[in-house]
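Structure data follow from protein-v5.cif (mmCIF, C-alpha atoms):
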```cif
data_model
loop_
_atom_site.group_PDB
_atom_site.id
_atom_site.type_symbol
_atom_site.label_atom_id
_atom_site.label_comp_id
_atom_site.auth_asym_id
_atom_site.auth_seq_id
_atom_site.Cartn_x
_atom_site.Cartn_y
_atom_site.Cartn_z
ATOM 1 C CA MET P 250 -8.344 -13.575 -96.211
ATOM 2 C CA ALA P 251 -10.856 -10.846 -95.460
ATOM 3 C CA ALA P 252 -11.183 -12.040 -91.836
ATOM 4 C CA ALA P 253 -7.409 -11.796 -91.286
ATOM 5 C CA VAL P 254 -7.321 -8.253 -92.682
ATOM 6 C CA ALA P 255 -10.206 -7.181 -90.390
ATOM 7 C CA ALA P 256 -8.472 -8.635 -87.308
ATOM 8 C CA GLY P 257 -5.257 -6.776 -88.134
ATOM 9 C CA LEU P 258 -7.128 -3.484 -88.538
ATOM 10 C CA CYS P 259 -8.854 -3.975 -85.118
ATOM 11 C CA ARG P 260 -5.508 -4.598 -83.380
ATOM 12 C CA ALA P 261 -3.942 -1.528 -84.954
ATOM 13 C CA PHE P 262 -6.895 0.672 -84.013
ATOM 14 C CA GLY P 263 -6.774 -0.582 -80.379
ATOM 15 C CA ALA P 264 -3.057 0.137 -80.084
ATOM 16 C CA LEU P 265 -3.668 3.668 -81.436
ATOM 17 C CA LEU P 266 -6.305 4.317 -78.744
ATOM 18 C CA LEU P 267 -4.080 3.059 -75.895
ATOM 19 C CA SER P 268 -1.144 5.203 -77.009
ATOM 20 C CA SER P 269 -3.267 8.378 -77.099
ATOM 21 C CA ALA P 270 -4.924 7.838 -73.613
ATOM 22 C CA PRO P 271 -3.505 9.876 -70.660
ATOM 23 C CA ARG P 272 -1.179 7.977 -68.353
ATOM 24 C CA ARG P 273 -2.331 7.291 -64.782
ATOM 25 C CA ALA P 274 -0.157 7.617 -61.681
ATOM 26 C CA PRO P 275 1.089 4.309 -60.250
ATOM 27 C CA PRO P 276 -0.761 3.085 -57.117
ATOM 28 C CA LEU P 277 0.730 4.145 -53.783
ATOM 29 C CA ALA P 278 2.590 1.466 -51.938
ATOM 30 C CA PRO P 279 1.414 0.688 -48.372
ATOM 31 C CA PRO P 280 3.598 2.131 -45.591
ATOM 32 C CA ALA P 281 6.391 0.029 -44.226
ATOM 33 C CA GLY P 282 5.488 -2.047 -41.184
ATOM 34 C CA PRO P 283 3.984 -5.357 -40.171
ATOM 35 C CA PRO P 284 1.469 -6.880 -42.575
ATOM 36 C CA GLY P 285 -2.040 -5.623 -41.871
ATOM 37 C CA GLY P 286 -0.797 -2.802 -39.663
ATOM 38 C CA TRP P 287 -1.676 0.005 -42.077
ATOM 39 C CA LEU P 288 -5.142 -1.478 -42.578
ATOM 40 C CA ALA P 289 -5.738 -1.659 -38.834
ATOM 41 C CA ALA P 290 -4.573 1.936 -38.476
ATOM 42 C CA ALA P 291 -7.051 3.031 -41.133
ATOM 43 C CA ARG P 292 -9.888 1.223 -39.394
ATOM 44 C CA ARG P 293 -8.951 2.455 -35.919
ATOM 45 C CA GLY P 294 -10.246 5.937 -36.560
ATOM 46 C CA LEU P 295 -13.607 4.615 -37.721
ATOM 47 C CA GLY P 296 -14.566 1.934 -35.203
ATOM 48 C CA VAL P 297 -12.974 3.076 -31.900
ATOM 49 C CA SER P 298 -13.704 6.238 -29.948
ATOM 50 C CA ALA P 299 -10.889 8.640 -29.146
ATOM 51 C CA SER P 300 -9.102 8.288 -25.809
ATOM 52 C CA ARG P 301 -10.198 10.534 -23.000
ATOM 53 C CA CYS P 302 -8.134 13.209 -21.324
ATOM 54 C CA THR P 303 -5.515 11.693 -19.011
ATOM 55 C CA THR P 304 -5.589 14.524 -16.488
ATOM 56 C CA ASP P 305 -7.059 13.760 -13.077
ATOM 57 C CA PRO P 306 -10.296 15.461 -12.043
ATOM 58 C CA MET P 307 -10.148 18.630 -10.011
ATOM 59 C CA TRP P 308 -11.159 17.041 -6.704
ATOM 60 C CA LYS P 309 -8.287 14.545 -6.890
ATOM 61 C CA CYS P 310 -5.432 16.866 -7.817
ATOM 62 C CA ARG P 311 -6.355 19.619 -5.385
ATOM 63 C CA VAL P 312 -3.480 20.424 -3.029
ATOM 64 C CA LYS P 313 -4.815 23.203 -0.802
ATOM 65 C CA TYR P 314 -7.269 22.039 1.858
ATOM 66 C CA THR P 315 -10.743 23.504 1.894
ATOM 67 C CA VAL P 316 -13.958 22.763 3.773
ATOM 68 C CA ARG P 317 -16.076 23.742 0.795
ATOM 69 C CA PRO P 318 -17.567 20.925 -1.281
ATOM 70 C CA VAL P 319 -15.577 20.196 -4.425
ATOM 71 C CA GLY P 320 -17.295 19.145 -7.651
ATOM 72 C CA MET P 321 -16.796 15.558 -8.788
ATOM 73 C CA LYS P 322 -16.837 14.110 -12.269
ATOM 74 C CA LYS P 323 -18.294 10.625 -12.609
ATOM 75 C CA THR P 324 -16.126 8.045 -14.355
ATOM 76 C CA GLY P 325 -18.724 5.349 -15.024
ATOM 77 C CA GLY P 326 -16.113 2.732 -14.096
ATOM 78 C CA ARG P 327 -13.841 3.813 -16.967
ATOM 79 C CA ASP P 328 -10.150 4.639 -16.861
ATOM 80 C CA HIS P 329 -8.281 7.344 -18.769
ATOM 81 C CA THR P 330 -8.470 5.345 -22.016
ATOM 82 C CA GLY P 331 -12.267 5.201 -21.957
ATOM 83 C CA ARG P 332 -12.495 1.469 -21.362
ATOM 84 C CA ILE P 333 -14.614 0.018 -18.570
ATOM 85 C CA ARG P 334 -12.395 -1.291 -15.785
ATOM 86 C CA VAL P 335 -14.985 -1.749 -13.008
ATOM 87 C CA ARG P 336 -18.417 -3.057 -13.894
ATOM 88 C CA GLY P 337 -21.615 -2.060 -12.147
ATOM 89 C CA ILE P 338 -20.796 1.657 -11.854
ATOM 90 C CA GLY P 339 -22.630 4.439 -13.654
ATOM 91 C CA GLY P 340 -25.292 7.113 -13.328
ATOM 92 C CA GLY P 341 -26.531 8.182 -9.933
ATOM 93 C CA HIS P 342 -27.260 11.486 -8.291
ATOM 94 C CA LYS P 343 -24.731 14.276 -8.579
ATOM 95 C CA GLN P 344 -22.291 14.304 -5.642
ATOM 96 C CA ARG P 345 -19.770 16.720 -4.227
ATOM 97 C CA TYR P 346 -16.635 15.693 -2.385
ATOM 98 C CA ARG P 347 -15.722 17.004 1.068
ATOM 99 C CA MET P 348 -12.054 16.692 1.970
ATOM 100 C CA ILE P 349 -11.687 14.667 5.180
ATOM 101 C CA ASP P 350 -8.663 15.212 7.420
ATOM 102 C CA PHE P 351 -7.828 11.693 8.598
ATOM 103 C CA GLN P 352 -4.811 12.925 10.565
ATOM 104 C CA ARG P 353 -6.389 14.071 13.802
ATOM 105 C CA LEU P 354 -3.097 15.137 15.349
ATOM 106 C CA ARG P 355 -2.339 17.842 12.781
ATOM 107 C CA TYR P 356 -0.928 20.996 14.358
ATOM 108 C CA GLU P 357 -1.420 24.432 12.893
ATOM 109 C CA GLU P 358 1.462 26.044 11.084
ATOM 110 C CA GLY P 359 3.797 27.592 13.633
ATOM 111 C CA ALA P 360 1.948 26.139 16.634
ATOM 112 C CA PRO P 361 3.888 24.165 19.283
ATOM 113 C CA PRO P 362 3.233 20.404 19.499
ATOM 114 C CA GLU P 363 0.938 20.622 22.515
ATOM 115 C CA PRO P 364 -2.538 19.195 23.190
ATOM 116 C CA PHE P 365 -5.325 21.273 21.642
ATOM 117 C CA THR P 366 -9.115 21.221 21.631
ATOM 118 C CA GLU P 367 -11.668 21.708 18.879
ATOM 119 C CA LYS P 368 -15.387 22.413 18.876
ATOM 120 C CA VAL P 369 -17.901 20.450 16.816
ATOM 121 C CA ILE P 370 -19.908 22.831 14.629
ATOM 122 C CA ASN P 371 -22.004 20.473 12.527
ATOM 123 C CA VAL P 372 -22.607 16.751 11.986
ATOM 124 C CA ARG P 373 -24.016 15.810 8.591
ATOM 125 C CA TYR P 374 -24.424 13.096 5.971
ATOM 126 C CA ASP P 375 -21.660 12.522 3.442
ATOM 127 C CA PRO P 376 -22.581 10.984 0.060
ATOM 128 C CA CYS P 377 -19.054 9.680 -0.506
ATOM 129 C CA ARG P 378 -18.863 7.377 2.542
ATOM 130 C CA SER P 379 -21.090 5.350 4.841
ATOM 131 C CA ALA P 380 -20.216 7.242 8.044
ATOM 132 C CA ASP P 381 -21.341 10.749 8.991
ATOM 133 C CA ILE P 382 -18.820 13.580 9.067
ATOM 134 C CA ALA P 383 -18.353 16.438 11.503
ATOM 135 C CA LEU P 384 -17.133 19.972 10.903
ATOM 136 C CA VAL P 385 -14.805 21.002 13.743
ATOM 137 C CA ALA P 386 -13.108 24.323 14.402
ATOM 138 C CA GLY P 387 -10.148 25.228 16.561
ATOM 139 C CA GLY P 388 -7.627 28.032 16.446
ATOM 140 C CA ASN P 389 -7.666 29.638 12.988
ATOM 141 C CA ARG P 390 -8.941 26.716 10.922
ATOM 142 C CA LYS P 391 -11.862 24.418 10.186
ATOM 143 C CA ARG P 392 -11.787 20.857 8.938
ATOM 144 C CA TRP P 393 -13.943 17.803 8.318
ATOM 145 C CA ILE P 394 -13.396 14.637 10.366
ATOM 146 C CA ILE P 395 -15.156 11.276 10.729
ATOM 147 C CA ALA P 396 -17.872 11.642 13.367
ATOM 148 C CA THR P 397 -18.268 9.184 16.242
ATOM 149 C CA GLU P 398 -21.507 7.572 17.393
ATOM 150 C CA ASN P 399 -22.732 10.151 19.940
ATOM 151 C CA MET P 400 -20.977 13.252 18.596
ATOM 152 C CA GLN P 401 -23.248 16.331 18.657
ATOM 153 C CA PRO P 402 -22.789 19.981 17.653
ATOM 154 C CA GLY P 403 -21.258 21.935 20.514
ATOM 155 C CA ASP P 404 -19.092 19.096 21.835
ATOM 156 C CA ILE P 405 -15.463 19.802 22.718
ATOM 157 C CA ILE P 406 -12.996 17.178 21.563
ATOM 158 C CA LYS P 407 -9.351 16.916 22.565
ATOM 159 C CA ASN P 408 -6.294 15.928 20.543
ATOM 160 C CA SER P 409 -3.079 14.981 22.326
ATOM 161 C CA SER P 410 0.163 13.133 21.590
ATOM 162 C CA HIS P 411 1.311 12.777 25.206
ATOM 163 C CA ILE P 412 1.837 9.279 26.638
ATOM 164 C CA GLY P 413 2.020 9.389 30.431
ATOM 165 C CA ARG P 414 2.669 6.791 33.092
ATOM 166 C CA MET P 415 -1.036 6.473 33.835
ATOM 167 C CA ALA P 416 -3.739 5.837 31.291
ATOM 168 C CA VAL P 417 -5.948 8.815 30.488
ATOM 169 C CA LEU P 418 -9.700 9.005 31.045
ATOM 170 C CA ALA P 419 -10.672 9.878 27.471
ATOM 171 C CA ASN P 420 -14.127 10.872 26.287
ATOM 172 C CA GLU P 421 -15.752 9.776 23.061
ATOM 173 C CA GLY P 422 -14.379 11.667 20.081
ATOM 174 C CA ASP P 423 -10.981 12.409 21.646
ATOM 175 C CA ALA P 424 -7.827 11.410 19.774
ATOM 176 C CA TYR P 425 -4.907 9.912 21.711
ATOM 177 C CA PRO P 426 -1.974 7.602 21.019
ATOM 178 C CA LEU P 427 -2.675 3.971 21.778
ATOM 179 C CA GLY P 428 -0.058 4.013 24.523
ATOM 180 C CA ALA P 429 -2.066 6.612 26.466
ATOM 181 C CA LEU P 430 -5.385 4.710 26.417
ATOM 182 C CA PRO P 431 -6.417 1.985 28.902
ATOM 183 C CA VAL P 432 -6.677 -1.609 27.756
ATOM 184 C CA GLY P 433 -10.162 -2.527 26.538
ATOM 185 C CA THR P 434 -10.981 0.892 25.029
ATOM 186 C CA LEU P 435 -13.197 0.950 21.936
ATOM 187 C CA ILE P 436 -11.381 2.858 19.190
ATOM 188 C CA CYS P 437 -11.811 3.847 15.536
ATOM 189 C CA ASN P 438 -9.882 5.754 12.845
ATOM 190 C CA LEU P 439 -6.666 3.874 13.551
ATOM 191 C CA GLU P 440 -3.282 4.653 12.009
ATOM 192 C CA SER P 441 -0.932 1.970 10.751
ATOM 193 C CA HIS P 442 2.122 4.246 11.030
ATOM 194 C CA PRO P 443 2.537 7.332 13.252
ATOM 195 C CA GLY P 444 1.539 10.506 11.405
ATOM 196 C CA LYS P 445 0.223 8.708 8.306
ATOM 197 C CA GLY P 446 -3.458 9.290 9.017
ATOM 198 C CA ALA P 447 -6.308 6.922 9.780
ATOM 199 C CA GLN P 448 -6.559 3.928 7.461
ATOM 200 C CA TYR P 449 -8.428 1.343 9.537
ATOM 201 C CA ILE P 450 -11.868 1.191 11.209
ATOM 202 C CA ARG P 451 -13.490 4.029 9.246
ATOM 203 C CA ALA P 452 -16.735 2.408 8.037
ATOM 204 C CA ALA P 453 -20.093 3.228 9.628
ATOM 205 C CA GLY P 454 -20.790 1.551 12.960
ATOM 206 C CA THR P 455 -17.410 -0.187 13.252
ATOM 207 C CA CYS P 456 -15.007 -0.162 16.195
ATOM 208 C CA GLY P 457 -11.877 -1.933 17.344
ATOM 209 C CA VAL P 458 -10.673 -3.013 20.778
ATOM 210 C CA LEU P 459 -7.311 -2.229 22.350
ATOM 211 C CA LEU P 460 -6.319 -5.674 23.650
ATOM 212 C CA ARG P 461 -2.877 -5.190 25.196
ATOM 213 C CA LYS P 462 0.316 -3.150 25.095
ATOM 214 C CA VAL P 463 3.690 -4.890 24.784
ATOM 215 C CA ASN P 464 7.166 -3.287 24.638
ATOM 216 C CA GLY P 465 6.162 -0.035 22.980
ATOM 217 C CA THR P 466 3.603 -1.656 20.708
ATOM 218 C CA ALA P 467 -0.163 -2.133 20.895
ATOM 219 C CA ILE P 468 -2.328 -5.072 19.811
ATOM 220 C CA VAL P 469 -5.714 -4.057 18.370
ATOM 221 C CA GLN P 470 -8.622 -6.295 17.394
ATOM 222 C CA LEU P 471 -10.163 -5.129 14.125
ATOM 223 C CA PRO P 472 -13.898 -5.423 13.322
ATOM 224 C CA SER P 473 -13.044 -8.579 11.316
ATOM 225 C CA LYS P 474 -11.684 -10.144 14.563
ATOM 226 C CA ARG P 475 -8.187 -10.055 13.132
ATOM 227 C CA HIS P 476 -5.402 -8.789 15.382
ATOM 228 C CA MET P 477 -3.046 -6.022 14.315
ATOM 229 C CA GLN P 478 0.155 -4.828 15.950
ATOM 230 C CA VAL P 479 1.208 -1.182 15.607
ATOM 231 C CA LEU P 480 3.424 1.213 17.500
ATOM 232 C CA GLU P 481 1.933 2.748 20.622
ATOM 233 C CA THR P 482 2.485 6.228 19.156
ATOM 234 C CA CYS P 483 -0.171 5.601 16.482
ATOM 235 C CA VAL P 484 -3.183 7.845 17.073
ATOM 236 C CA ALA P 485 -6.751 6.546 17.285
ATOM 237 C CA THR P 486 -10.146 8.082 18.083
ATOM 238 C CA VAL P 487 -12.074 6.902 21.115
ATOM 239 C CA GLY P 488 -15.525 5.433 20.412
ATOM 240 C CA ARG P 489 -17.445 3.877 17.517
ATOM 241 C CA VAL P 490 -17.947 5.356 14.074
ATOM 242 C CA SER P 491 -21.267 7.133 13.539
ATOM 243 C CA ASN P 492 -24.310 5.934 11.563
ATOM 244 C CA VAL P 493 -24.557 2.625 13.407
ATOM 245 C CA ASP P 494 -27.789 1.610 11.623
ATOM 246 C CA HIS P 495 -26.216 1.819 8.186
ATOM 247 C CA ASN P 496 -26.341 -1.969 7.684
ATOM 248 C CA LYS P 497 -30.063 -2.043 8.552
ATOM 249 C CA ARG P 498 -31.207 0.209 5.743
ATOM 250 C CA VAL P 499 -33.752 -1.170 3.247
ATOM 251 C CA ILE P 500 -33.137 -0.376 -0.413
ATOM 252 C CA GLY P 501 -36.783 -1.094 -1.269
ATOM 253 C CA LYS P 502 -36.562 -0.891 -5.054
ATOM 254 C CA ALA P 503 -34.131 -1.148 -7.914
ATOM 255 C CA GLY P 504 -34.331 2.564 -8.630
ATOM 256 C CA ARG P 505 -32.672 3.464 -5.346
ATOM 257 C CA ASN P 506 -29.573 1.536 -6.343
ATOM 258 C CA ARG P 507 -29.512 3.566 -9.553
ATOM 259 C CA TRP P 508 -29.671 6.748 -7.441
ATOM 260 C CA LEU P 509 -26.578 5.502 -5.629
ATOM 261 C CA GLY P 510 -24.743 4.955 -8.928
ATOM 262 C CA LYS P 511 -25.005 1.137 -8.938
ATOM 263 C CA ARG P 512 -25.930 -0.522 -12.218
ATOM 264 C CA PRO P 513 -27.731 -3.897 -12.310
ATOM 265 C CA HIS P 514 -25.877 -7.125 -12.902
ATOM 266 C CA THR P 515 -26.427 -9.392 -15.864
ATOM 267 C CA GLY P 516 -29.592 -11.485 -15.905
ATOM 268 C CA LEU P 517 -27.793 -14.635 -16.974
ATOM 269 C CA TRP P 518 -28.045 -17.624 -14.673
ATOM 270 C CA HIS P 519 -24.852 -18.421 -12.761
ATOM 271 C CA ARG P 520 -24.199 -21.794 -11.230
ATOM 272 C CA LYS P 521 -23.448 -21.599 -7.510
ATOM 273 C CA GLY P 522 -20.615 -23.930 -6.654
ATOM 274 C CA GLY P 523 -19.184 -24.796 -3.292
ATOM 275 C CA TRP P 524 -18.142 -21.209 -2.615
ATOM 276 C CA ALA P 525 -21.750 -20.324 -1.760
ATOM 277 C CA GLY P 526 -21.838 -22.463 1.374
ATOM 278 C CA ARG P 527 -20.828 -21.486 4.888
ATOM 279 C CA LYS P 528 -17.182 -21.974 5.727
ATOM 280 C CA ILE P 529 -15.492 -21.914 9.105
ATOM 281 C CA ARG P 530 -11.920 -20.853 8.576
ATOM 282 C CA PRO P 531 -9.316 -20.027 11.222
ATOM 283 C CA LEU P 532 -8.416 -16.403 11.750
ATOM 284 C CA PRO P 533 -5.447 -15.154 9.719
ATOM 285 C CA PRO P 534 -2.204 -14.499 11.601
ATOM 286 C CA MET P 535 -1.674 -11.183 13.334
ATOM 287 C CA LYS P 536 -0.754 -8.375 10.968
ATOM 288 C CA SER P 537 2.225 -6.414 12.246
ATOM 289 C CA TYR P 538 3.365 -2.960 11.184
ATOM 290 C CA VAL P 539 6.283 -3.042 13.625
ATOM 291 C CA ASN P 540 9.753 -3.849 12.328
ATOM 292 C CA LEU P 541 11.095 -5.856 15.265
ATOM 293 C CA PRO P 542 14.757 -6.909 15.243
ATOM 294 C CA ARG P 543 15.348 -10.522 14.320
ATOM 295 C CA VAL P 544 16.714 -12.839 16.989
ATOM 296 C CA THR P 545 19.675 -14.856 15.700
ATOM 297 C CA THR P 546 20.916 -17.954 17.435
ATOM 298 C CA GLN P 547 24.545 -17.919 18.482
ATOM 299 C CA GLU P 548 26.478 -21.155 18.128
#
```
For this file, produce the structure as structure tokens.
Amino acid sequence: MAAAVAAGLCRAFGALLLSSAPRRAPPLAPPAGPPGGWLAAARRGLGVSASRCTTDPMWKCRVKYTVRPVGMKKTGGRDHTGRIRVRGIGGGHKQRYRMIDFQRLRYEEGAPPEPFTEKVINVRYDPCRSADIALVAGGNRKRWIIATENMQPGDIIKNSSHIGRMAVLANEGDAYPLGALPVGTLICNLESHPGKGAQYIRAAGTCGVLLRKVNGTAIVQLPSKRHMQVLETCVATVGRVSNVDHNKRVIGKAGRNRWLGKRPHTGLWHRKGGWAGRKIRPLPPMKSYVNLPRVTTQE
């Protein structure tokens, strides 16, 4: 009897304490969405770095041409989100970008479309490419171009768009349409479309060969031995690209690759399959940038 009375008094005293305690606010419900989404959003700010600025660097979005070196910002192989997209890139010596005018046949504003000459002022090393570059001046402007093998300061180079009945006797460094050059000429800085600017044969020590001219088009052999067909109005530079001994350089140590901004590869062992052996494959078909009309058979 005494035990039952004590138990009743304990229950009454506990109920009195609970009724006098302050009420707590109900727990907040998770935001609406897929299960686990709010938890991932809470963790995202802790474990992942913020995205980088999506604006392009200054040397890429510059519109006005200048011969002055433009500062470059290294990406380390990362895109605008901060994630690595290209491995093996990072570090290296600070570089500055020099804007190269790959369109040799660029007339000055207000000038008639006539042949013009330019004088080579300086030939120097460019950290952003394997070939040397040359500073040329003519009229009221200066510009950087890709230097040829024997180009020296003081040389006079000619730029022309005229295609005559007879082939011209061009000197090294001159820029002419393919239709004006004799067959067998060594060329570089080749356009794929007239007025687009050089896109082919720009690496150090490379050159192409003008094989033949057919019906307003020209067949050129690229350094890879592949043939390419373009219009004869496409402009090319006579001669080979400068810095011929670029492929003979000796790196010497791992630190020099780090100076060049190349990071080492992984030290894991990789099995070499059949791809490592020598293969003799036929040349790919001729690449044509000429839209020839199709010949349809008439029944």
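Interatomic distance, CA of Asn420 in chain P against CA of Tyr449 in chain P: 20.1 Å.
Shortest atom-to-atom contact with Asp404 in chain P among P:Val372, P:Val499, P:Leu435, P:Leu532: P:Val372, counting all atoms listed in the file.
Evaluated on this file, the PyMOL selection byres ((chain P and resi 339) around 8) matches Lys323, Thr324, Gly325, Gly326, Gly337, Ile338, Gly340, Gly341, Gly510, Lys511 and Arg512 of chain P.
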Please define a box with edges along x, y and z of the file around all atoms of range 505-516 of chain P given in the file, extend it by 3 Å on each side, and return its centre and edge lengths in Å to one decimal, as lines of an AutoDock Vina configuration file.
```
center_x = -28.7
center_y = -2.4
center_z = -10.6
size_x = 13.9
size_y = 24.2
size_z = 16.6
```
Practice task
Just the residues within 12 Å of Arg451 in chain P, please, counting only C-alpha atoms, with nothing from its chain fewer than 5 positions along; format it as number ranges by chain.
Solution key: P: 349, 351, 378-382, 394-398, 436-440, 446, 456-457, 471-472, 485-486, 488-493
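Distances to Val487 in chain P were evaluated for P:Gly433, P:Gly413, P:Pro443, P:Gly387 using all atoms listed in the file, and the minimum falls at P:Gly433.
With all atoms listed in the file as the atoms that count, the minimum distance from Lys343 in chain P to the choices P:Ile406, P:Ile529, P:Val369, P:Leu509 is reached by P:Leu509.
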Exercise for the section: Find the residues around Met535 in chain P up to 9 Å (all atoms listed in the file counted), leave out those fewer than 3 positions away in its own chain, and share them as a ChimeraX atom specification. Expected result: /P:468,475-478,532
Handout entry: Atom pair CA of Glu421 in chain P / CA of Val319 in chain P: separation (Å)
Key = 29.4 Å
Handout entry: Within 12 Å of Asn540 in chain P using all atoms listed in the file, minus same-chain residues under 5 positions, as a ChimeraX atom specification
Key = /P:442,465-466,478-480
